[in-house]
Amino acid sequence: MNRPVILRLEKVVKRFGSFTALQGIDLDILEGEFFTIVGPSGSGKSTLIRLLVGMDELSEGKIWLRDNRIDQTPANKRPTCMVFQSLALFPHMSVGQNIEFPLKLRKVEPAERRARAYELLDLLRLPRSYYDKRISQCSGGERQRVALARALAFDPEILLFDEPLSALDYRLRKTLEKELKDLHARTGKTFVYITHSLEEAMVMSDRIAIMKDGQFEQIATADEIYSAPVSRFVAEFMGEVNLFDATDGLTQRAGGEVAAIPADGQSVLMVRPEYVRFIKNADQTDYALNGRLQAEYALGSRIQYEIETENGRVITVEKLREERLQADVGAPVLLGFDAGHTHLIRGA
Amino acid sequence: MEKQDRRLGVVAALPLTALLLLCFLAPMLVVALFSIMPQRVFSILNMPDFSAFQVFFSLGYYRSLLWSLGMAAATTVILFLMCWPLAYGMAKVFGRFTLVLTIAVVMSLFVSENIRLFGWVLTLMRGGLIEGYLRDLTGLSFDSPLYTVGATIFGLVYVYLPFMLFPLAQGIAMVPDDARQAASDLGASRWQVMRQIDLPLAAPGILVGSLLTFVLAAGALAEAKILGGRSVIVITDDIETAFTFAQNWPLGAALSMIMIVMVAGLAMFALARLDLDAIMGRKR
C-alpha cells in the first residue's frame, strides 16, 4: 500500500540543559497508519510525543504536517490531539461536557454538539445515558472511552496516545487494545501510539519504531522487527531470544549451507525460543548443540525450558504444552535449529 | 456497649459544649435580645419594640452598612485580581521561592495591625516618607492620599492579603497540570484554559479566600479610622459608638444583628457550595 506521508520529522533534537533527550530524529509517518513507538523508560518517547503535540518546544529540527511546518505552532493551534496517560479528563464536567469541550471552543451549536457527542458515545460503545454522568462515576475502562471520544470530537489529523492503557489491569488492557485497533480501522485516522509494552505494540501496530537513548534503533513492521532485528538491543527488547557468538562453536550439519558467525566480538546469531527443537541426532537440523536441562516453567499455553550448554550459555526454549519434553531437570538434552530460523545480527 | 459509648461521648463533649454555650452563644443571645429593646435601656427586661431597627433606616445607618459591604466587596475583588497571578506563581512556578514568599507574608502578621497602619500613615502623609523626600529632593509636592475611601480600601487590601493569597494558592495547586495541557491540546487558548479549567477547578480556594477577605473586611474598623480618617463611617464604627459614647446598647445590638445576619447568611451560602474534602486533597 502506497500511502502519502502525513507527518515528517527532520533531524529533531531536544535538549534539557546539558542532557540530550532526542538526538536528531528523522521519521516519516504515513497517512492512516497505526504507528507505535516502543522503548524503555527514559528512551525519549514521551519527550518525542510532547514535541509532536506542541507541549514542549524542540531545540533543533523541523516537523512537517503534510506541507505545513508545525514545529513553531502552539499546541492549541495544531491539528493533533493526545490521549494522556492519566487521561486528563476534566473532573468538573460531565461526560457529555468533556466530549463536547473541543466543539464548544469552536462555537459549534449546542444541538449539533450534542448530536456529535451521541455519535461518539455510540462509536465507543458507551450508552447514551452516560452523557450526563460525572467522570467520577465512570470506571477505568469507561474513562478511557470518554477520553478517546473527546479526542475524536476534536477531529485531529493525527491522534496520539501516551501509554493510556498502562494503568489498567491485564484483561481490560487486552480488550481495549483490540477495541483501539478496531477503532483505528473504522475511523481511518493516523494513530501514533507510545508504550513500553512490546505486546501492546505488536497487537495493534502497522509499524513499530524501537527507541533507545533518544534515537530509533529500528523502524519496521512487527514481523520484521521480531524475526530480523537490527541490533542486540532490539532482539532482546522484542521478547525472549537466544544469541550465539563465534565462541559458541556451533556444530554444523555436514554439507549444510550455514553462514559462519564473524569473530568480531560483536556479531551474534539470533534464534527465537520457539524455533529451538529437542532432537535425537545431530544431523536432524542445521545446527546442533548439547546441554543439560536446568529449569522448566509453565507459561500457560506454552512451557519454557532453560538449558545450559557445555560452555555455560543458558538457552531458552519454548514448546507448546502438547510438545512437552519428557525429561527431568539435570538430564542431558540435544538441541537443534535450522539456518532458516536464524538471523545474523552484524556488529556495528 | 454502643449505647454506653454514645453516652460517654456526650459526657466527654460536655465541657466544650458548656464553654461554647457560655462564651459564644450566650453573648449572641444577649445581643439579640438587646436589639429588640426600646432605645437607651440597659436591661433586657423591658417590653420589646424593635425601635432600634427603625432607627437603622430613619437615621441613615444603612449607609454605613453599605459602605462597609461595598468596601469589603471592592477589597475582595481587588485582592482576587492581585493575588491570582501571585498565587499561580506560588502554586506552579516559583518552586522553592514559594517558601520564602510564604514566610515573608506571614512575618508581617507578627506585627500588630494598628502599628502597621500607622506605619503607612507616616509613609503617606504630607511631609511623610514619600512626599517629604520627594519635596526635599525635587521641590515637587502632592496632596496626601490619606483620609479618603481609596486609602481605606488600600489599607484593607494590604491587611487582608494573606487571607486571599494562601487559600487561592491552595486552590490553584489543586488544578492538575495535565487537565490544563489537555485543554490547550484540544484547542483552548490561554484565556480559555483559565476560564474553563483553572477557575472552576480552583473554585474552592477562590471561595474560601473571598469569603475570608469579605467577612474580615466587612467587620474591619481600624483601616477606616486610621487610614480613612473617618472620611466615611463604617458600620463597625457605628456599632462601637453606639455601645460607648452614645450609650445606646439596643441600637448597637441592632446594628450588630444586621451585620451578623448578613455575613452569616453569605458565609453559609458559600460554605454550602463547598467541598471541604476536595480542599484537603481527599478524593471524593
# chains A, B, ... in the order shown; residues from 1 in each chain; ligands from 1

$ residues_around --residues "B:Thr148" --least-positions-apart "2" --cutoff "9 Å" --atoms "only C-alpha atoms" --output "short mmCIF file (atom, residue, chain, number, x, y, z; two decimals) with N, CA and C atoms, in the first residue's frame"
data_model
loop_
_atom_site.label_atom_id
_atom_site.label_comp_id
_atom_site.auth_asym_id
_atom_site.auth_seq_id
_atom_site.Cartn_x
_atom_site.Cartn_y
_atom_site.Cartn_z
N PRO B 145 -2.62 61.18 49.98
CA PRO B 145 -3.77 60.35 49.62
C PRO B 145 -4.53 59.84 50.84
N LEU B 146 -4.05 60.20 52.03
CA LEU B 146 -4.69 59.68 53.24
C LEU B 146 -6.08 60.24 53.42
N GLY B 150 -10.32 55.67 49.14
CA GLY B 150 -9.23 54.93 48.49
C GLY B 150 -8.21 54.45 49.50
N ALA B 151 -7.83 55.33 50.44
CA ALA B 151 -6.84 54.95 51.45
C ALA B 151 -7.38 53.83 52.32
N THR B 152 -8.68 53.88 52.64
CA THR B 152 -9.28 52.82 53.45
C THR B 152 -9.19 51.48 52.72
N ILE B 153 -9.59 51.51 51.43
CA ILE B 153 -9.56 50.26 50.67
C ILE B 153 -8.12 49.76 50.52
N ALA B 224 -10.54 52.11 58.37
CA ALA B 224 -11.37 53.29 58.10
C ALA B 224 -11.03 54.43 59.05
N LEU B 227 -6.39 55.00 58.39
CA LEU B 227 -6.02 55.45 57.04
C LEU B 227 -7.14 56.27 56.41
N GLY B 228 -8.39 55.89 56.71
CA GLY B 228 -9.52 56.59 56.12
C GLY B 228 -9.86 57.87 56.87
N GLY B 229 -9.36 57.98 58.09
CA GLY B 229 -9.62 59.18 58.88
C GLY B 229 -11.11 59.47 58.98
N ARG B 230 -11.91 58.45 59.04
CA ARG B 230 -13.37 58.58 59.15
C ARG B 230 -13.95 59.39 57.98
N SER B 231 -13.29 59.37 56.83
CA SER B 231 -13.87 60.05 55.66
C SER B 231 -15.22 59.44 55.34
N VAL B 232 -15.35 58.15 55.55
CA VAL B 232 -16.68 57.55 55.58
C VAL B 232 -16.77 56.76 56.86
#

$ interface_residues --of "chain A" --to "chain B" --cutoff "10 Å" --atoms "only C-alpha atoms" --output "NGL selection string"
:A and (53-55 or 74-93 or 98 or 101-106 or 136 or 150-151 or 153-156)

$ closest_residue --among "A:Trp64, A:Phe35, A:Phe237, A:Phe278" --to "A:Leu9" --atoms "only C-alpha atoms"
A:Trp64

$ select_by_dssp --residues "stretch 124-176 of chain A" --states "strand (DSSP E or B)" --output "VMD selection string"
chain A and resid 134 158 to 162

$ residues_around --residues "stretch 237-245 of chain B" --least-positions-apart "4" --cutoff "8 Å" --atoms "only C-alpha atoms" --output "compact mmCIF listing (two decimals) with N, CA and C atoms, in the first residue's frame"
# COMPACT_ATOMS: atom_id res chain seq x y z
N TYR B 61 -28.35 54.76 59.14
CA TYR B 61 -27.26 53.84 59.47
C TYR B 61 -27.02 52.83 58.35
N SER B 64 -23.88 53.40 56.39
CA SER B 64 -22.63 52.85 56.95
C SER B 64 -22.48 51.38 56.55
N LEU B 221 -12.37 47.82 61.27
CA LEU B 221 -12.63 49.14 61.84
C LEU B 221 -11.40 50.03 61.71
N ILE B 233 -17.98 56.66 57.40
CA ILE B 233 -18.19 55.91 58.64
C ILE B 233 -18.63 54.51 58.27
N TRP B 249 -27.25 50.90 73.93
CA TRP B 249 -26.96 49.49 73.68
C TRP B 249 -27.91 48.84 72.68
N LEU B 251 -29.37 50.06 70.11
CA LEU B 251 -29.00 50.43 68.75
C LEU B 251 -27.76 49.65 68.30
N GLY B 252 -26.76 49.64 69.18
CA GLY B 252 -25.53 48.89 68.85
C GLY B 252 -25.86 47.43 68.60
N ALA B 253 -26.73 46.87 69.44
CA ALA B 253 -27.10 45.46 69.30
C ALA B 253 -27.84 45.23 68.00
N LEU B 255 -27.64 47.01 65.20
CA LEU B 255 -26.68 47.12 64.10
C LEU B 255 -25.84 45.84 64.00
N SER B 256 -25.43 45.34 65.17
CA SER B 256 -24.64 44.10 65.19
C SER B 256 -25.42 42.95 64.58

$ residues_around --residues "stretch 42-44 of chain B" --least-positions-apart "6" --cutoff "8 Å" --atoms "only C-alpha atoms" --output "compact mmCIF listing (two decimals) with N, CA and C atoms, in the first residue's frame"
# COMPACT_ATOMS: atom_id res chain seq x y z
N VAL B 30 -27.63 37.58 74.20
CA VAL B 30 -27.80 38.87 74.88
C VAL B 30 -27.90 39.99 73.85
N LEU B 33 -31.19 39.86 72.13
CA LEU B 33 -32.28 40.36 72.98
C LEU B 33 -32.24 41.88 73.09
N PHE B 34 -31.03 42.42 73.26
CA PHE B 34 -30.91 43.87 73.37
C PHE B 34 -31.38 44.57 72.09
N TRP B 249 -27.25 50.90 73.93
CA TRP B 249 -26.96 49.49 73.68
C TRP B 249 -27.91 48.84 72.68

$ residues_around --residues "B:Ala32" --least-positions-apart "5" --cutoff "10 Å" --atoms "only C-alpha atoms" --output "ChimeraX atom specification"
/B:26-27,37,44,250,253-254,256-258

$ write_last_selection --atoms "N, CA and C atoms" --output "compact mmCIF listing (two decimals), in the first residue's frame"
# COMPACT_ATOMS: atom_id res chain seq x y z
N ALA B 26 -24.22 32.52 74.45
CA ALA B 26 -24.84 33.42 75.44
C ALA B 26 -24.67 34.90 75.06
N PRO B 27 -23.46 35.36 74.73
CA PRO B 27 -23.31 36.77 74.33
C PRO B 27 -24.16 37.11 73.11
N MET B 37 -34.91 45.71 72.22
CA MET B 37 -35.34 46.52 73.36
C MET B 37 -35.59 47.96 72.90
N ILE B 44 -32.47 43.84 79.70
CA ILE B 44 -33.23 43.12 78.68
C ILE B 44 -34.61 42.74 79.21
N PRO B 250 -29.23 49.11 72.79
CA PRO B 250 -30.12 48.46 71.81
C PRO B 250 -29.77 48.82 70.37
N ALA B 253 -26.73 46.87 69.44
CA ALA B 253 -27.10 45.46 69.30
C ALA B 253 -27.84 45.23 68.00
N ALA B 254 -28.73 46.16 67.64
CA ALA B 254 -29.50 46.00 66.40
C ALA B 254 -28.56 46.05 65.19
N SER B 256 -25.43 45.34 65.17
CA SER B 256 -24.64 44.10 65.19
C SER B 256 -25.42 42.95 64.58
N MET B 257 -26.71 42.86 64.98
CA MET B 257 -27.52 41.75 64.48
C MET B 257 -27.65 41.80 62.95
N ILE B 258 -27.86 43.01 62.44
CA ILE B 258 -27.99 43.15 60.99
C ILE B 258 -26.72 42.66 60.30

$ atom_distance --atom1 "atom CA of B:Met194" --atom2 "atom CA of B:Ala91"
14.7 Å

$ residues_around --residues "B:Arg63" --least-positions-apart "6" --cutoff "9 Å" --atoms "only C-alpha atoms" --output "PyMOL selection string"
chain B and resi 57+233-235

$ write_last_selection --atoms "C-alpha atoms" --output "JSON list (two decimals), in the first residue's frame"
[["chain", "number", "residue", "atom", "x", "y", "z"],
["B", 57, "PHE", "CA", -33.36, 53.19, 58.46],
["B", 233, "ILE", "CA", -18.19, 55.91, 58.64],
["B", 234, "VAL", "CA", -18.30, 52.14, 58.52],
["B", 235, "ILE", "CA", -20.90, 50.05, 60.32]]

$ residues_around --residues "stretch 116-133 of chain A" --least-positions-apart "4" --cutoff "12 Å" --atoms "only C-alpha atoms" --output "count of residues only"
45

$ select_by_dssp --residues "stretch 52-283 of chain B" --states "helix (DSSP H, G or I)" --output "PyMOL selection string"
chain B and resi 52-58+61-93+97-108+113-124+129-138+149-173+177-185+190-201+203-218+222-227+235-243+249-272+276-279
